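Enquirer: Compact mmCIF, C-alpha atoms and all ligand atoms, saved as coords-v3.txt, coming up:
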# COMPACT_ATOMS: atom_id res chain seq x y z
CA MET P 1 60.99 0.14 60.53
CA ASP P 2 59.41 -2.80 62.38
CA ALA P 3 56.73 -2.82 65.05
CA THR P 4 59.29 -2.63 67.92
CA THR P 5 60.85 0.61 66.65
CA ALA P 6 57.63 2.18 65.31
CA PRO P 7 56.34 5.37 67.00
CA GLN P 8 53.37 5.22 69.36
CA PHE P 9 50.94 6.21 66.59
CA GLY P 10 51.09 5.54 62.87
CA PRO P 11 50.16 3.16 60.05
CA PRO P 12 50.20 -0.54 61.00
CA GLN P 13 53.65 -2.10 60.38
CA GLY P 14 53.86 -5.66 59.09
CA GLU P 15 51.39 -8.54 58.92
CA GLN P 16 51.04 -8.93 62.69
CA GLU P 17 49.94 -5.34 63.27
CA LEU P 18 47.62 -5.42 60.26
CA ALA P 19 45.97 -8.54 61.65
CA ALA P 20 45.71 -6.93 65.12
CA ALA P 21 44.11 -3.80 63.61
CA GLU P 22 41.60 -5.86 61.61
CA ASP P 23 40.76 -7.89 64.71
CA ILE P 24 40.04 -4.71 66.71
CA VAL P 25 37.81 -3.32 63.94
CA CYS P 26 35.92 -6.61 63.47
CA GLN P 27 35.27 -6.91 67.20
CA ALA P 28 34.38 -3.22 67.55
CA PHE P 29 31.82 -3.26 64.73
CA ALA P 30 30.60 -6.87 65.06
CA MET P 31 31.93 -8.01 61.69
CA PRO P 32 32.89 -11.63 61.08
CA PRO P 33 36.73 -11.95 61.38
CA GLU P 34 37.06 -13.01 57.74
CA GLU P 35 35.71 -9.61 56.66
CA GLY P 36 38.68 -7.72 58.19
CA PRO P 37 40.95 -7.75 55.09
CA ALA P 38 38.03 -6.76 52.81
CA TRP P 39 37.18 -3.87 55.16
CA ARG P 40 40.79 -2.66 55.05
CA LYS P 41 40.93 -2.90 51.24
CA ARG P 42 37.62 -1.04 50.97
CA ILE P 43 38.73 1.90 53.10
CA GLU P 44 42.15 2.04 51.42
CA ALA P 45 40.46 2.06 47.99
CA GLY P 46 38.56 5.13 49.18
CA GLY P 47 41.83 6.87 50.08
CA ALA P 48 41.43 6.44 53.86
CA GLN P 49 44.52 6.19 56.06
CA LEU P 50 44.47 3.50 58.74
CA ARG P 51 46.31 4.35 61.97
CA VAL P 52 47.03 2.32 65.09
CA LEU P 53 47.88 3.35 68.64
CA ARG P 54 50.51 1.13 70.28
CA GLU P 55 50.48 0.70 74.04
CA GLY P 56 52.51 -1.77 76.09
CA GLY P 57 54.32 -2.97 72.95
CA SER P 58 51.25 -3.95 70.90
CA VAL P 59 48.36 -2.49 68.93
CA ALA P 60 45.72 -1.20 71.35
CA ALA P 61 43.42 0.88 69.12
CA THR P 62 42.57 1.83 65.54
CA VAL P 63 41.28 4.85 63.67
CA ALA P 64 40.87 5.64 59.97
CA HIS P 65 40.70 9.09 58.44
CA PHE P 66 40.10 10.42 54.95
CA SER P 67 40.12 13.83 53.27
CA MET P 68 37.11 15.59 51.77
CA GLY P 69 35.38 18.93 52.26
CA GLN P 70 32.19 20.24 53.80
CA TRP P 71 30.05 23.06 52.41
CA PHE P 72 29.50 26.01 54.72
CA GLY P 73 28.18 29.32 53.38
CA GLY P 74 28.76 28.19 49.76
CA ARG P 75 32.43 27.32 50.28
CA SER P 76 34.02 23.89 50.63
CA VAL P 77 36.03 23.78 53.87
CA PRO P 78 38.69 21.02 53.98
CA LEU P 79 37.45 18.33 56.35
CA VAL P 80 38.91 15.04 57.51
CA GLY P 81 36.33 12.36 58.25
CA ILE P 82 37.08 9.99 61.11
CA ALA P 83 35.84 6.40 61.15
CA GLY P 84 36.86 2.97 62.40
CA VAL P 85 37.55 4.14 65.98
CA GLY P 86 38.07 0.98 68.02
CA VAL P 87 39.86 -0.07 71.21
CA ALA P 88 40.79 -3.72 71.85
CA PRO P 89 37.99 -5.05 74.09
CA ALA P 90 40.26 -5.99 77.01
CA ARG P 91 41.82 -2.51 77.04
CA ARG P 92 38.64 -0.41 77.13
CA GLY P 93 37.77 1.94 79.98
CA GLN P 94 41.41 2.89 80.68
CA GLY P 95 41.79 6.05 78.63
CA THR P 96 43.09 4.39 75.45
CA GLY P 97 40.27 5.77 73.28
CA THR P 98 40.95 9.29 74.60
CA ARG P 99 44.70 8.99 73.90
CA LEU P 100 43.97 7.59 70.42
CA MET P 101 41.78 10.57 69.53
CA GLN P 102 44.19 13.14 71.00
CA THR P 103 47.10 11.71 69.00
CA CYS P 104 45.07 11.44 65.82
CA LEU P 105 43.87 15.07 66.10
CA ARG P 106 47.45 16.25 66.68
CA GLU P 107 48.51 14.51 63.47
CA LEU P 108 45.66 16.11 61.51
CA ARG P 109 46.30 19.59 62.86
CA ALA P 110 50.01 19.25 62.05
CA GLN P 111 48.95 18.51 58.46
CA GLY P 112 47.06 21.82 58.35
CA VAL P 113 43.52 20.40 58.36
CA PRO P 114 41.04 22.99 59.76
CA LEU P 115 38.09 20.66 60.53
CA ALA P 116 37.54 17.04 61.59
CA GLY P 117 34.14 15.35 61.60
CA LEU P 118 32.55 12.11 62.75
CA TYR P 119 29.38 10.26 63.66
CA PRO P 120 29.70 9.44 67.39
CA ALA P 121 28.74 6.11 68.94
CA THR P 122 29.25 7.85 72.29
CA GLN P 123 29.58 11.61 72.88
CA PRO P 124 31.69 12.01 76.06
CA LEU P 125 34.79 10.48 74.44
CA TYR P 126 34.68 12.95 71.55
CA ARG P 127 33.56 15.97 73.60
CA ARG P 128 36.58 15.39 75.81
CA VAL P 129 38.87 16.04 72.83
CA GLY P 130 36.97 19.06 71.48
CA PHE P 131 34.19 17.69 69.24
CA GLU P 132 30.64 18.99 69.56
CA GLN P 133 27.28 18.46 67.84
CA ALA P 134 27.16 20.34 64.55
CA GLY P 135 24.39 18.99 62.31
CA SER P 136 21.83 16.29 61.66
CA ARG P 137 21.05 13.34 59.46
CA HIS P 138 17.38 12.45 58.96
CA GLU P 139 15.61 9.51 57.40
CA ILE P 140 12.86 10.48 54.96
CA ARG P 141 10.29 7.74 54.35
CA VAL P 142 7.74 8.33 51.61
CA GLN P 143 4.70 6.17 50.79
CA LEU P 144 4.72 5.26 47.10
CA SER P 145 0.92 5.51 47.00
CA GLY P 146 1.45 9.29 47.19
CA LEU P 147 3.86 9.37 44.22
CA ASP P 148 1.35 9.59 41.37
CA PHE P 149 3.02 12.31 39.30
CA GLN P 150 3.00 10.81 35.79
CA GLU P 151 5.67 13.35 34.78
CA ARG P 152 7.66 11.93 31.87
CA SER P 153 8.62 14.95 29.77
CA LEU P 154 12.28 14.79 30.76
CA SER P 155 14.16 11.70 29.61
CA LEU P 156 15.37 9.23 32.21
CA ARG P 157 17.97 6.52 31.65
CA PRO P 158 20.48 4.32 33.56
CA ILE P 159 23.73 6.01 34.57
CA GLN P 160 26.76 4.77 32.61
CA GLU P 161 30.40 4.94 33.69
CA ALA P 162 30.94 7.85 31.26
CA ASP P 163 28.21 9.87 33.03
CA LEU P 164 30.05 9.95 36.36
CA PRO P 165 31.79 13.33 35.84
CA ALA P 166 28.39 14.91 35.04
CA ILE P 167 26.83 13.20 38.07
CA HIS P 168 29.62 14.50 40.32
CA ASP P 169 29.08 17.97 38.87
CA VAL P 170 25.32 17.86 39.55
CA TYR P 171 25.95 16.71 43.11
CA ARG P 172 28.49 19.49 43.65
CA ARG P 173 26.20 22.20 42.25
CA HIS P 174 23.43 21.05 44.58
CA ALA P 175 25.62 20.42 47.66
CA GLN P 176 27.31 23.81 47.60
CA ARG P 177 23.93 25.47 48.10
CA GLN P 178 23.29 23.34 51.22
CA GLN P 179 24.78 23.77 54.67
CA GLY P 180 26.94 20.90 55.94
CA TRP P 181 26.72 18.60 52.92
CA LEU P 182 29.97 16.86 52.09
CA ASP P 183 32.26 17.84 49.25
CA ARG P 184 32.64 14.14 48.56
CA GLY P 185 35.88 12.31 47.88
CA THR P 186 36.34 8.72 46.65
CA TYR P 187 35.53 7.21 50.06
CA ILE P 188 32.04 8.73 50.15
CA TRP P 189 31.29 8.21 46.43
CA ASN P 190 32.18 4.53 46.90
CA ARG P 191 29.59 4.35 49.65
CA VAL P 192 26.95 5.96 47.41
CA LEU P 193 27.58 3.54 44.54
CA ARG P 194 27.99 0.50 46.82
CA PRO P 195 25.96 1.27 49.94
CA ARG P 196 27.01 -0.80 52.91
CA GLY P 197 24.55 -3.48 53.97
CA GLU P 198 22.31 -2.83 50.95
CA PRO P 199 21.91 -4.73 47.69
CA THR P 200 23.39 -3.27 44.47
CA ALA P 201 22.57 0.39 43.84
CA TYR P 202 21.24 1.17 40.34
CA GLY P 203 21.82 4.70 39.11
CA TYR P 204 19.33 6.63 36.94
CA LEU P 205 19.67 10.16 35.62
CA VAL P 206 17.28 12.74 34.21
CA GLU P 207 18.30 14.87 31.23
CA GLY P 208 16.97 18.10 29.79
CA HIS P 209 18.23 20.36 26.99
CA ALA P 210 21.11 21.67 29.12
CA GLY P 211 22.31 18.23 30.27
CA VAL P 212 21.86 16.23 33.47
CA GLU P 213 19.33 17.84 35.83
CA GLY P 214 19.09 15.17 38.48
CA TYR P 215 19.80 11.57 39.40
CA LEU P 216 19.33 8.90 42.03
CA TYR P 217 20.94 5.64 43.18
CA LEU P 218 18.38 3.02 44.15
CA SER P 219 18.60 -0.33 45.99
CA ARG P 220 15.67 -2.72 46.25
CA ARG P 221 15.23 -5.08 49.19
CA VAL P 222 12.52 -7.76 49.45
CA ALA P 223 10.69 -7.77 52.79
CA PRO P 224 11.07 -11.03 54.77
CA HIS P 225 8.37 -13.64 53.98
CA GLY P 226 6.92 -11.94 50.97
CA LEU P 227 7.20 -10.27 47.64
CA ARG P 228 6.85 -6.65 48.73
CA GLN P 229 9.92 -4.45 48.37
CA GLU P 230 11.42 -1.49 50.18
CA LEU P 231 13.37 1.01 48.12
CA SER P 232 16.40 2.77 49.54
CA LEU P 233 18.16 5.68 47.83
CA SER P 234 21.84 6.23 48.58
CA ASP P 235 21.63 9.51 46.66
CA LEU P 236 18.86 11.72 45.31
CA VAL P 237 19.57 15.09 43.69
CA ALA P 238 17.26 17.26 41.59
CA LEU P 239 18.55 20.60 40.34
CA THR P 240 15.19 21.60 38.82
CA PRO P 241 11.55 21.04 39.85
CA ALA P 242 10.96 19.14 36.58
CA ALA P 243 13.83 16.76 37.43
CA GLY P 244 12.40 16.36 40.94
CA ARG P 245 8.96 15.43 39.57
CA ARG P 246 10.50 13.07 36.99
CA LEU P 247 12.55 11.25 39.65
CA LEU P 248 9.52 11.00 41.96
CA SER P 249 7.44 9.61 39.05
CA PHE P 250 10.16 7.04 38.42
CA ILE P 251 10.12 5.98 42.08
CA GLY P 252 6.31 5.81 41.88
CA ASP P 253 6.64 3.44 38.91
CA HIS P 254 7.83 0.83 41.46
CA ARG P 255 4.53 0.86 43.37
CA SER P 256 3.16 -2.45 42.05
CA LEU P 257 5.65 -4.22 44.34
CA ALA P 258 7.05 -1.55 46.64
CA ASP P 259 5.26 0.37 49.38
CA GLU P 260 7.85 2.83 50.59
CA VAL P 261 11.05 4.62 49.58
CA VAL P 262 13.64 5.81 52.05
CA TRP P 263 16.43 8.36 51.67
CA ARG P 264 18.46 10.49 54.05
CA GLY P 265 19.09 14.21 54.32
CA GLY P 266 17.81 17.30 56.09
CA ALA P 267 14.52 17.53 57.97
CA ALA P 268 12.98 19.90 55.39
CA ASP P 269 13.61 18.31 51.99
CA PRO P 270 12.29 20.44 49.09
CA LEU P 271 11.22 17.26 47.25
CA LEU P 272 8.63 16.68 49.98
CA PHE P 273 7.20 20.08 49.12
CA LEU P 274 6.26 18.72 45.67
CA LEU P 275 3.95 16.07 47.14
CA ARG P 276 0.18 16.62 47.12
CA GLU P 277 -0.27 15.27 50.67
CA GLN P 278 1.98 14.66 53.68
CA THR P 279 2.42 11.01 52.79
CA TYR P 280 5.82 10.78 54.45
CA GLN P 281 7.58 10.56 57.82
CA VAL P 282 10.83 12.31 58.75
CA LYS P 283 12.85 10.76 61.55
CA HIS P 284 16.01 12.05 63.22
CA LEU P 285 18.73 9.42 62.80
CA PHE P 286 21.94 10.96 64.08
CA THR P 287 23.64 14.17 65.07
CA TRP P 288 27.14 14.45 63.63
CA MET P 289 30.00 16.22 65.38
CA LEU P 290 32.77 18.59 64.30
CA ARG P 291 36.13 19.52 65.83
CA VAL P 292 37.60 22.89 64.86
CA LEU P 293 41.31 22.04 64.65
CA ASP P 294 42.52 25.44 63.53
CA VAL P 295 40.32 28.35 64.64
CA PRO P 296 41.51 31.13 62.28
CA ALA P 297 41.88 28.82 59.26
CA ALA P 298 38.41 27.32 59.74
CA LEU P 299 36.71 30.71 60.19
CA GLN P 300 38.45 32.07 57.09
CA ALA P 301 37.70 29.04 54.93
CA ARG P 302 33.91 29.08 55.19
CA GLY P 303 31.69 31.43 53.22
CA TYR P 304 29.37 34.04 54.69
CA LEU P 305 26.24 35.61 53.22
CA ALA P 306 27.18 38.15 50.56
CA GLY P 307 26.09 41.61 51.63
CA LEU P 308 26.81 40.89 55.27
CA SER P 309 29.60 42.61 57.11
CA GLY P 310 30.54 42.63 60.76
CA ALA P 311 33.28 42.03 63.29
CA LEU P 312 33.15 39.51 66.09
CA HIS P 313 35.66 39.53 68.96
CA LEU P 314 36.18 35.98 70.22
CA GLU P 315 37.99 34.51 73.20
CA VAL P 316 38.53 30.79 72.69
CA ASP P 317 39.67 28.08 75.07
CA ASP P 318 41.15 24.78 73.86
CA ASP P 319 42.64 22.09 76.14
CA LEU P 320 44.46 20.31 73.31
CA PHE P 321 45.85 23.03 71.01
CA PRO P 322 47.43 26.12 72.65
CA GLU P 323 47.51 27.79 69.17
CA ASN P 324 43.69 28.00 69.29
CA ARG P 325 43.66 29.57 72.75
CA GLY P 326 43.20 33.31 73.15
CA ARG P 327 41.55 36.23 71.39
CA PHE P 328 40.71 36.49 67.70
CA VAL P 329 38.83 39.05 65.63
CA LEU P 330 36.67 37.69 62.84
CA GLU P 331 36.00 40.39 60.25
CA VAL P 332 33.52 39.64 57.49
CA GLU P 333 33.08 41.74 54.36
CA ASN P 334 31.20 40.71 51.19
CA GLY P 335 31.04 37.04 52.11
CA GLU P 336 34.80 36.80 52.87
CA ALA P 337 36.39 36.56 56.31
CA GLU P 338 39.71 37.75 57.70
CA VAL P 339 40.83 36.56 61.12
CA ARG P 340 43.52 38.25 63.17
CA PRO P 341 44.74 37.63 66.70
CA GLY P 342 43.83 40.07 69.46
CA GLY P 343 40.68 42.13 70.02
CA ASP P 344 38.41 42.51 73.03
CA GLY P 345 37.26 38.89 73.50
CA ASP P 346 33.57 39.92 73.78
CA MET P 347 32.30 36.41 73.01
CA LYS P 348 33.82 33.74 75.25
CA LEU P 349 33.53 30.08 74.32
CA HIS P 350 35.35 26.76 74.33
CA VAL P 351 36.55 25.47 70.97
CA ARG P 352 33.90 22.76 71.37
CA THR P 353 31.13 25.38 71.29
CA LEU P 354 32.60 26.87 68.15
CA ALA P 355 31.48 23.74 66.21
CA PRO P 356 27.66 24.28 66.49
CA LEU P 357 28.15 28.06 66.13
CA TYR P 358 30.29 27.65 63.00
CA SER P 359 27.93 25.20 61.30
CA GLY P 360 24.79 27.11 62.30
CA PHE P 361 23.45 24.08 64.19
CA LEU P 362 22.57 26.16 67.25
CA SER P 363 22.11 29.92 67.47
CA PRO P 364 24.41 31.98 69.70
CA ALA P 365 21.38 32.64 71.97
CA ALA P 366 20.70 28.90 72.25
CA LEU P 367 24.35 28.25 73.10
CA GLN P 368 24.23 30.97 75.72
CA ALA P 369 21.05 29.42 77.16
CA ALA P 370 22.89 26.09 77.31
CA GLY P 371 25.59 27.78 79.39
CA VAL P 372 28.43 27.21 76.91
CA LEU P 373 28.83 30.74 75.53
CA GLU P 374 29.11 34.17 77.13
CA ALA P 375 28.59 37.35 75.14
CA ASP P 376 27.16 40.88 75.18
CA ASP P 377 24.03 41.68 73.15
CA VAL P 378 25.90 43.31 70.24
CA SER P 379 28.18 40.26 69.79
CA LEU P 380 25.16 37.94 70.00
CA ARG P 381 23.40 39.87 67.23
CA THR P 382 26.52 39.95 65.03
CA ALA P 383 27.19 36.23 65.48
CA THR P 384 23.52 35.41 64.80
CA ALA P 385 23.70 37.23 61.46
CA LEU P 386 27.13 35.84 60.45
CA PHE P 387 26.40 32.18 61.17
CA SER P 388 22.73 31.99 60.18
CA GLY P 389 21.67 29.73 57.32
CA PRO P 390 19.67 26.60 56.60
CA PRO P 391 19.95 23.94 59.31
CA PRO P 392 23.16 21.94 58.68
CA ALA P 393 22.38 18.46 57.35
CA MET P 394 24.20 15.54 55.74
CA PRO P 395 22.73 12.71 53.66
CA ASP P 396 25.95 10.68 53.85
CA MET P 397 27.17 8.44 56.66
CA TYR P 398 30.81 7.60 57.28
C1 LIG S 401 34.12 3.73 72.42
C2 LIG S 401 35.54 3.21 72.67
C3 LIG S 401 36.42 3.58 71.49
C4 LIG S 401 36.05 3.91 73.92
O1 LIG S 401 37.39 3.47 74.19
P1 LIG S 401 37.97 3.49 75.67
O2 LIG S 401 39.43 3.22 75.60
O3 LIG S 401 37.15 2.64 76.54
O4 LIG S 401 37.71 5.01 76.04
P2 LIG S 401 38.24 5.82 77.29
O5 LIG S 401 38.68 4.87 78.36
O6 LIG S 401 39.24 6.81 76.82
O7 LIG S 401 36.91 6.55 77.74
C5 LIG S 401 36.50 7.75 77.20
C6 LIG S 401 35.00 7.91 77.32
O8 LIG S 401 34.34 7.12 76.35
C7 LIG S 401 33.09 6.70 76.86
N1 LIG S 401 33.02 5.26 76.79
C8 LIG S 401 34.00 4.38 76.98
N2 LIG S 401 33.53 3.15 76.77
C9 LIG S 401 32.25 3.27 76.47
C10 LIG S 401 31.25 2.34 76.16
N3 LIG S 401 31.51 1.05 76.11
N4 LIG S 401 30.02 2.80 75.90
C11 LIG S 401 29.74 4.12 75.95
N5 LIG S 401 30.67 5.02 76.22
C12 LIG S 401 31.90 4.61 76.49
C13 LIG S 401 33.00 7.11 78.28
O9 LIG S 401 32.16 8.26 78.33
C14 LIG S 401 34.40 7.47 78.63
O10 LIG S 401 34.42 8.53 79.49
P3 LIG S 401 34.20 8.32 81.08
O11 LIG S 401 35.19 7.28 81.49
O12 LIG S 401 34.45 9.67 81.62
O13 LIG S 401 32.78 7.88 81.23
C15 LIG S 401 35.56 1.67 72.91
O14 LIG S 401 34.62 1.36 73.90
C16 LIG S 401 35.21 0.85 71.67
O15 LIG S 401 36.11 0.47 70.91
N6 LIG S 401 33.92 0.56 71.47
C17 LIG S 401 33.43 -0.19 70.33
C18 LIG S 401 33.55 0.58 69.00
C19 LIG S 401 32.97 1.96 69.06
O16 LIG S 401 31.92 2.22 69.63
N7 LIG S 401 33.67 2.89 68.42
C20 LIG S 401 33.27 4.26 68.30
C21 LIG S 401 32.68 4.48 66.97
S1 LIG S 401 32.25 6.18 66.75
Output the file's structure in the form of structure tokens.
Ligand SMILES: CC(C)(COP(=O)(O)OP(=O)(O)OC[C@H]1O[C@@H](n2cnc3c(N)ncnc32)[C@H](O)[C@@H]1OP(=O)(O)O)[C@@H](O)C(=O)NCCC(=O)NCCS

Expert:
Amino acid sequence: MDATTAPQFGPPQGEQELAAAEDIVCQAFAMPPEEGPAWRKRIEAGGAQLRVLREGGSVAATVAHFSMGQWFGGRSVPLVGIAGVGVAPARRGQGTGTRLMQTCLRELRAQGVPLAGLYPATQPLYRRVGFEQAGSRHEIRVQLSGLDFQERSLSLRPIQEADLPAIHDVYRRHAQRQQGWLDRGTYIWNRVLRPRGEPTAYGYLVEGHAGVEGYLYLSRRVAPHGLRQELSLSDLVALTPAAGRRLLSFIGDHRSLADEVVWRGGAADPLLFLLREQTYQVKHLFTWMLRVLDVPAALQARGYLAGLSGALHLEVDDDLFPENRGRFVLEVENGEAEVRPGGDGDMKLHVRTLAPLYSGFLSPAALQAAGVLEADDVSLRTATALFSGPPPAMPDMY
């Protein structure tokens, strides 16, 4: 198949389309043109699929997507991450971005993916195709002067290649207890080990009798015109308080030349609880969005608090996918959900509103106050119990 017979949406065909796609991405994200091929190799190495939208016989827009999961209620829900959305500069403002996203979402739904996620550069484009705010990413900045733990009972050493399975296991054990953290695939792990725009990341792990208890990946950057450094962590996980204190001591050991350490995550990080004083700042960086592609599959795939049971009668509207439109009953028993069509439709909402409800980003009462959900008091109480949990957060960016 060549570019003239290719369908409207699909992988780039031939050198000319590849070059056109790279040009769109470089212009969209202000990268020098010579970085286009390296960008494409990097995303392909992470397992991402590059797609182009053809309009008027040439490539008009690009998008990349890659498979992973996202932890909700202790279960990993299959999620496709969307990145690299770009429209050729001369074609913007004419609906191309909207058509690109609609076509891409149709492809993902046809593949049986229940959830899509992204970090939006602009919200209206993504809201128009069914995405909504679903969780946060915060920057946590800690002054090293406050990291005077002197805790060295657990051993700490550099991470070797052979440690990676144990590191992935530690991450997974931690992430599944959080709400909204990614069940990482290669694409995200590559970004942890080689953070974009940062110098090399050095990995260190902490070991106890039972194996690895925590780890971090650390980059050091020298401040302009001086010797002082800023530390940036692309990952920081402590399964035990002792591992947390050991990792914080290790970071503190950099204080002769570094003043601050930065990492990303939720607004209430338990590691901050270990500090003697509030020698830190937490800043909201971004709100990520979700699109529920398959209503029953997504509701069934997430976990719910064990011991909770209840039934919620939903009536969902969806402009893009008729299969999501209509009434569903969500029945939860012992942390497991069953979804069947029908019921009384006591809680009325657009599929967009289902995203913050599903992730626990906003309570049903807050969504009702925002005018995007209608429900009786019993349904509000049931939904509040079913979808409650820690605020959804995500340390990773994609
Ligand atoms: C954002 C982008 C993909 C939109 O493409 P587009 O073809 O212009 O989009 P559409 O014509 O379908 O417009 C859809 C909506 O996107 C928003 N939008 C479009 N261009 C925008 C811009 N430059 N800035 C902010 N929002 C914009 C508008 O809200 C628009 O809706 P409206 O016309 O009702 O206001 C395009 O401007 C682009 O490639 N920008 C640079 C890269 C980028 O930001 N990518 C997104 C990364 S998440």

Enquirer: For ligand LIG 401 (chain S), return the neighbouring residues as a list in words (distance at most 7 Å; only C-alpha atoms and all ligand atoms).

Expert: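 Written in the requested form, the residues are Ala28, Phe29, Ala83, Gly84, Val85, Gly86, Val87, Ala88, Pro89, Arg91, Arg92, Gly93, Gln94, Gly95, Thr96, Gly97, Thr98, Arg99, Tyr119, Pro120, Ala121, Thr122, Gln123, Pro124 and Leu125 of chain P.
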
Enquirer: Could you check the closest approach to P:Asp169 for each of P:Leu144, P:Leu182, P:Val25, P:Val212 and tell me which residue wins, using only C-alpha atoms?

Expert: P:Val212

Enquirer: Hey, which bits of stretch 56-144 of chain P sit within 12 Å of stretch 39-48 of chain P, and for each residue what's the closest pair of atoms and how far apart in Å (one decimal), counting only C-alpha atoms, rows by chain and increasing number, as a Markdown table?

Expert:
| residue | atom | partner | partner_atom | distance |
| --- | --- | --- | --- | --- |
| P:Thr62 | CA | P:Arg40 | CA | 11.5 |
| P:Val63 | CA | P:Ala48 | CA | 9.9 |
| P:Ala64 | CA | P:Ala48 | CA | 6.2 |
| P:His65 | CA | P:Ala48 | CA | 5.3 |
| P:Phe66 | CA | P:Ala48 | CA | 4.3 |
| P:Ser67 | CA | P:Ala48 | CA | 7.5 |
| P:Met68 | CA | P:Gly47 | CA | 10.1 |
| P:Val80 | CA | P:Ala48 | CA | 9.7 |
| P:Gly81 | CA | P:Ala48 | CA | 9.0 |
| P:Ile82 | CA | P:Ala48 | CA | 9.2 |
| P:Ala83 | CA | P:Ala48 | CA | 9.2 |
| P:Gly84 | CA | P:Ile43 | CA | 9.5 |

Enquirer: Is there a way to get, as a ChimeraX atom specification, all residues within 10 Å of the point (35.2, 42.7, 61.7) in file coordinates, counting all atoms listed in the file?

Expert: /P:309-313,329-333,337-340,343,382

Enquirer: Do you have the atom CA of P:Glu260-atom CA of P:Gln143 distance handy?

Expert: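 Interatomic distance, atom CA of P:Glu260 to atom CA of P:Gln143: 4.6 Å.
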